[in-house]
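Asks: Sending over coords_17.txt (compact mmCIF, C-alpha atoms and all ligand atoms).
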```
# COMPACT_ATOMS: atom_id res chain seq x y z
CA MET L 1 0.00 0.00 0.00
CA ASN L 2 1.35 3.45 -0.82
CA ASP L 3 1.12 6.09 1.83
CA ILE L 4 -2.41 7.15 0.92
CA ARG L 5 -4.42 5.21 3.52
CA THR L 6 -4.04 4.86 7.25
CA LEU L 7 -6.00 3.51 10.19
CA ALA L 8 -7.33 5.81 12.89
CA ILE L 9 -9.22 4.75 16.00
CA ILE L 10 -11.20 7.19 18.10
CA LYS L 11 -10.53 5.60 21.49
CA PRO L 12 -13.09 4.93 24.27
CA ASP L 13 -12.34 8.17 26.16
CA ALA L 14 -13.08 10.36 23.14
CA PHE L 15 -15.84 8.20 21.61
CA GLY L 16 -17.67 7.86 24.94
CA GLY L 17 -16.93 11.48 25.80
CA GLY L 18 -18.79 12.85 22.80
CA LYS L 19 -15.70 14.15 20.98
CA THR L 20 -16.11 12.10 17.80
CA GLY L 21 -17.70 14.85 15.71
CA LYS L 22 -15.10 17.43 16.65
CA ILE L 23 -12.25 15.02 15.92
CA ILE L 24 -13.63 14.00 12.51
CA ASP L 25 -14.13 17.70 11.69
CA HIS L 26 -10.48 18.28 12.63
CA LEU L 27 -9.32 15.39 10.41
CA GLU L 28 -11.43 16.50 7.44
CA SER L 29 -10.07 20.04 7.83
CA ALA L 30 -6.58 18.50 7.60
CA GLY L 31 -7.47 17.03 4.21
CA PHE L 32 -8.45 13.49 5.16
CA GLY L 33 -11.40 11.68 3.67
CA VAL L 34 -13.17 8.86 5.53
CA LEU L 35 -13.05 5.80 3.26
CA ALA L 36 -14.59 3.37 5.78
CA ALA L 37 -15.73 3.51 9.39
CA ARG L 38 -17.21 1.15 11.96
CA VAL L 39 -18.02 1.17 15.64
CA VAL L 40 -16.42 -1.77 17.47
CA HIS L 41 -16.35 -2.84 21.10
CA LEU L 42 -13.04 -4.69 21.21
CA SER L 43 -12.73 -7.98 23.07
CA ARG L 44 -9.72 -8.49 25.35
CA ALA L 45 -8.23 -10.91 22.85
CA GLY L 46 -8.79 -8.37 20.07
CA ALA L 47 -7.15 -5.51 21.95
CA GLU L 48 -4.23 -7.74 22.97
CA THR L 49 -3.70 -8.77 19.36
CA PHE L 50 -3.94 -5.21 18.06
CA TYR L 51 -1.38 -4.00 20.63
CA ASP L 52 0.76 -7.16 20.52
CA VAL L 53 3.93 -5.05 20.05
CA HIS L 54 3.39 -3.68 23.58
CA ARG L 55 2.82 -7.08 25.24
CA GLY L 56 5.02 -7.33 28.34
CA LYS L 57 5.33 -3.58 28.86
CA PRO L 58 4.26 -2.20 32.25
CA PHE L 59 1.24 -0.40 30.78
CA PHE L 60 0.00 -3.30 28.63
CA THR L 61 -2.76 -4.58 30.94
CA SER L 62 -3.95 -1.06 31.68
CA LEU L 63 -3.96 -0.25 27.95
CA VAL L 64 -6.05 -3.35 27.19
CA ASP L 65 -8.44 -2.48 30.07
CA PHE L 66 -8.84 1.00 28.62
CA MET L 67 -9.28 -0.07 25.00
CA THR L 68 -11.96 -2.60 25.99
CA SER L 69 -13.76 -0.22 28.38
CA GLY L 70 -16.22 0.94 25.72
CA PRO L 71 -16.80 1.17 21.98
CA VAL L 72 -14.33 2.77 19.59
CA LEU L 73 -14.69 4.15 16.07
CA ALA L 74 -12.22 2.59 13.64
CA MET L 75 -11.71 4.50 10.39
CA VAL L 76 -9.70 4.19 7.21
CA LEU L 77 -8.54 7.69 6.28
CA GLU L 78 -7.25 8.75 2.87
CA ARG L 79 -4.99 11.54 1.61
CA GLU L 80 -1.50 11.92 0.15
CA GLY L 81 1.10 11.08 2.77
CA ALA L 82 -1.66 9.74 5.01
CA VAL L 83 0.47 7.93 7.61
CA THR L 84 3.00 10.70 8.12
CA ARG L 85 0.46 13.49 8.02
CA LEU L 86 -1.96 11.83 10.46
CA ARG L 87 0.83 11.27 12.98
CA GLU L 88 1.58 15.01 12.76
CA VAL L 89 -2.09 15.94 13.11
CA ILE L 90 -2.68 13.78 16.21
CA GLY L 91 0.46 14.89 18.08
CA ALA L 92 2.67 13.17 20.65
CA THR L 93 1.45 10.16 22.66
CA ASP L 94 1.35 12.23 25.86
CA PRO L 95 -0.98 15.23 25.40
CA ALA L 96 1.28 17.22 27.74
CA GLU L 97 3.96 16.94 25.05
CA ALA L 98 1.69 17.28 22.01
CA ASP L 99 2.01 20.41 19.89
CA PRO L 100 -0.75 22.98 20.40
CA GLY L 101 -3.67 22.45 18.05
CA THR L 102 -3.08 18.72 17.58
CA VAL L 103 -5.92 16.28 18.25
CA ARG L 104 -4.30 14.95 21.40
CA ALA L 105 -3.46 18.43 22.72
CA LEU L 106 -7.10 19.39 22.21
CA TYR L 107 -8.99 16.23 23.22
CA ALA L 108 -6.79 13.74 25.12
CA GLU L 109 -6.97 13.28 28.89
CA SER L 110 -3.63 11.55 29.59
CA LYS L 111 -0.80 9.57 28.03
CA GLU L 112 -3.03 6.47 28.08
CA ARG L 113 -6.46 8.03 27.54
CA ASN L 114 -5.18 9.92 24.52
CA ALA L 115 -8.26 10.10 22.28
CA ILE L 116 -6.94 8.62 19.05
CA HIS L 117 -4.72 5.95 17.51
CA ALA L 118 -2.94 6.33 14.17
CA SER L 119 -0.79 3.78 12.33
CA ASP L 120 2.93 4.56 12.56
CA SER L 121 4.12 3.20 9.19
CA PRO L 122 2.59 2.26 5.81
CA ASP L 123 3.28 -1.43 6.55
CA ASN L 124 1.52 -1.22 9.91
CA ALA L 125 -1.31 0.73 8.29
CA ARG L 126 -1.91 -2.19 5.92
CA VAL L 127 -1.98 -4.69 8.79
CA GLU L 128 -4.16 -2.48 11.00
CA VAL L 129 -6.67 -1.69 8.22
CA ALA L 130 -7.00 -5.43 7.56
CA PHE L 131 -7.57 -6.02 11.30
CA PHE L 132 -10.78 -3.97 11.23
CA PHE L 133 -11.98 -4.00 7.60
CA ALA L 134 -12.57 -6.52 4.85
CA GLY L 135 -11.17 -5.68 1.44
CA VAL L 136 -14.70 -5.55 0.06
CA ASP L 137 -15.36 -2.44 2.22
CA LEU L 138 -12.41 -0.53 0.77
CA ALA L 139 -13.09 -0.29 -2.97
P1 LIG G 201 1.15 5.97 19.89
O1 LIG G 201 1.71 5.37 18.62
O2 LIG G 201 1.41 7.45 20.00
O3 LIG G 201 -0.32 5.64 20.09
O4 LIG G 201 1.95 5.34 21.12
P2 LIG G 201 2.52 3.87 21.41
O5 LIG G 201 2.38 2.97 20.21
O6 LIG G 201 3.87 4.03 22.02
O7 LIG G 201 1.56 3.33 22.58
C1 LIG G 201 0.28 2.81 22.28
C2 LIG G 201 -0.70 3.36 23.29
O8 LIG G 201 -0.37 2.85 24.59
C3 LIG G 201 -0.67 4.87 23.46
O9 LIG G 201 -1.42 5.57 22.49
C4 LIG G 201 -1.26 5.03 24.85
O10 LIG G 201 -2.69 4.89 24.85
C5 LIG G 201 -0.64 3.84 25.58
N1 LIG G 201 0.63 4.19 26.22
C6 LIG G 201 1.83 4.40 25.63
N2 LIG G 201 2.81 4.67 26.53
C7 LIG G 201 2.20 4.61 27.75
C8 LIG G 201 2.67 4.78 29.08
O11 LIG G 201 3.85 5.05 29.33
N3 LIG G 201 1.75 4.63 30.09
C9 LIG G 201 0.44 4.33 29.83
N4 LIG G 201 -0.42 4.19 30.87
N5 LIG G 201 -0.05 4.16 28.58
C10 LIG G 201 0.82 4.31 27.54
```
Mind turning this structure into structure tokens?

Replies:
Amino acid sequence: MNDIRTLAIIKPDAFGGGKTGKIIDHLESAGFGVLAARVVHLSRAGAETFYDVHRGKPFFTSLVDFMTSGPVLAMVLEREGAVTRLREVIGATDPAEADPGTVRALYAESKERNAIHASDSPDNARVEVAFFFAGVDLA
């Protein structure tokens, strides 16, 4: 996949906190189109698989608790340079370190409850899109 599609997840803090509309508005204003979207309440096994790279880290159990605490909105977003640009638009993992005006600076509560996920490479974007969406949904 070229760098034109990426996976975003509006996490349980932001989805349950009524921030979804504002975040999507922010992303559309940054030039992203929503190619596909679905609301999912992740199972523990699902969250553990999605965050497998963090298995064994001190925050892993807490992260899985958080990501399974309520529904999320998974989205495939499209634009040129999607992966790189979305990482810029969402800001640093910890909202205290995120640049002003980024999604996390505006809407995140903490380093864990940080409103949004975005794929960190085109290869991971391909894997993460396939985790949530069937190819038939992405024509
Ligand atoms: P991201 O790519 O910016 O989302 O960050 P990472 O891939 O490093 O971490 C995945 C997710 O785990 C983050 O978005 C946070 O929700 C959570 N996380 C990362 N680091 C920490 C940490 O030090 N403490 C806690 N409690 N959660 C963390």

Asks: For a test of reading the model, state the distance in Å between CA of Phe133 (chain L) and atom O10 of ligand LIG 201 (chain G), rounded to one decimal.

Replies: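 Atom-to-atom, CA of Phe133 (chain L) to atom O10 of ligand LIG 201 (chain G), that is 21.5 Å.
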
Asks: Produce as number ranges by chain the set of residues near ligand LIG 201 (chain G), where near means within 6 Å with all atoms listed in the file considered.

Replies: L: 59, 63, 92-93, 111-114, 117

Asks: With distances taken over only C-alpha atoms, which residue among L:Met75, L:Val64, L:Ala37, L:Ile116 lies nearest Asp94 (chain L)?

Replies: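 Result for the nearest residue to Asp94 (chain L): L:Ile116.
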
Asks: Using only C-alpha atoms, which protein or nucleic acid residues come within 12 Å of Ser121 (chain L)? Drop anything in the same chain fewer than 6 positions from it, and give the result as a PyMOL selection string.

Replies: chain L and resi 1-7+81-87+127-129

Asks: Find, counting all atoms listed in the file, the residue in L:Tyr107, L:Phe15, L:Phe66, L:Phe132 that gets nearest to Arg44 (chain L).

Replies: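 Counting all atoms listed in the file, the residue closest to Arg44 (chain L) is L:Phe66.
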
Asks: Skipping near chain neighbours, those fewer than 4 positions away, what residues fall within 12 Å of Ile24 (chain L) using all atoms listed in the file, listed as a list in words?

Replies: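 Near neighbours after the sequence-gap exclusion: Ala8, Ile9, Ile10, Ala14, Phe15, Gly18, Lys19, Thr20, Glu28, Ser29, Ala30, Gly31, Phe32, Gly33, Val34, Ala37, Leu73, Ala74, Met75, Val76, Leu77, Val89, Ile90, Val103, Tyr107, Ala115 and Ile116 of chain L.
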
Asks: Could you state the separation of CA of Ser69 (chain L) and CA of Val136 (chain L) in Å, given to one decimal place?

Replies: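 Those two atoms sit 28.8 Å apart.
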
Asks: Between L:Met67, L:Ala45, L:Leu27, L:Val53, which has the minimum distance to Arg79 (chain L) (counting all atoms listed in the file)?

Replies: L:Leu27

Asks: Around all the atoms of region 70-89 of chain L listed in the file, draw an axis-aligned box and extend it by 4 Å on each of the six sides; I want its centre and edge lengths in Å to one decimal, as JSON.

Replies:
```
{"center_x": -6.9, "center_y": 8.4, "center_z": 12.9, "size_x": 27.8, "size_y": 23.0, "size_z": 33.6}
```

Asks: Separation of CA of Ala36 (chain L) and CA of Ser110 (chain L), in Å?

Replies: 27.5 Å

Asks: Return the single residue from L:Glu48, L:Glu97, L:Asp120, L:Asp25 that is closest to Thr68 (chain L), with distances computed using all atoms listed in the file.

Replies: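 Looking at the shortest contact to Thr68 (chain L), the residue is L:Glu48.
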
Asks: For Ala108 (chain L), which residue among L:Leu42, L:Ala96, L:Ala47, L:Ala139 is the nearest when counting only C-alpha atoms?

Replies: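 Selected residue with least distance to Ala108 (chain L): L:Ala96.
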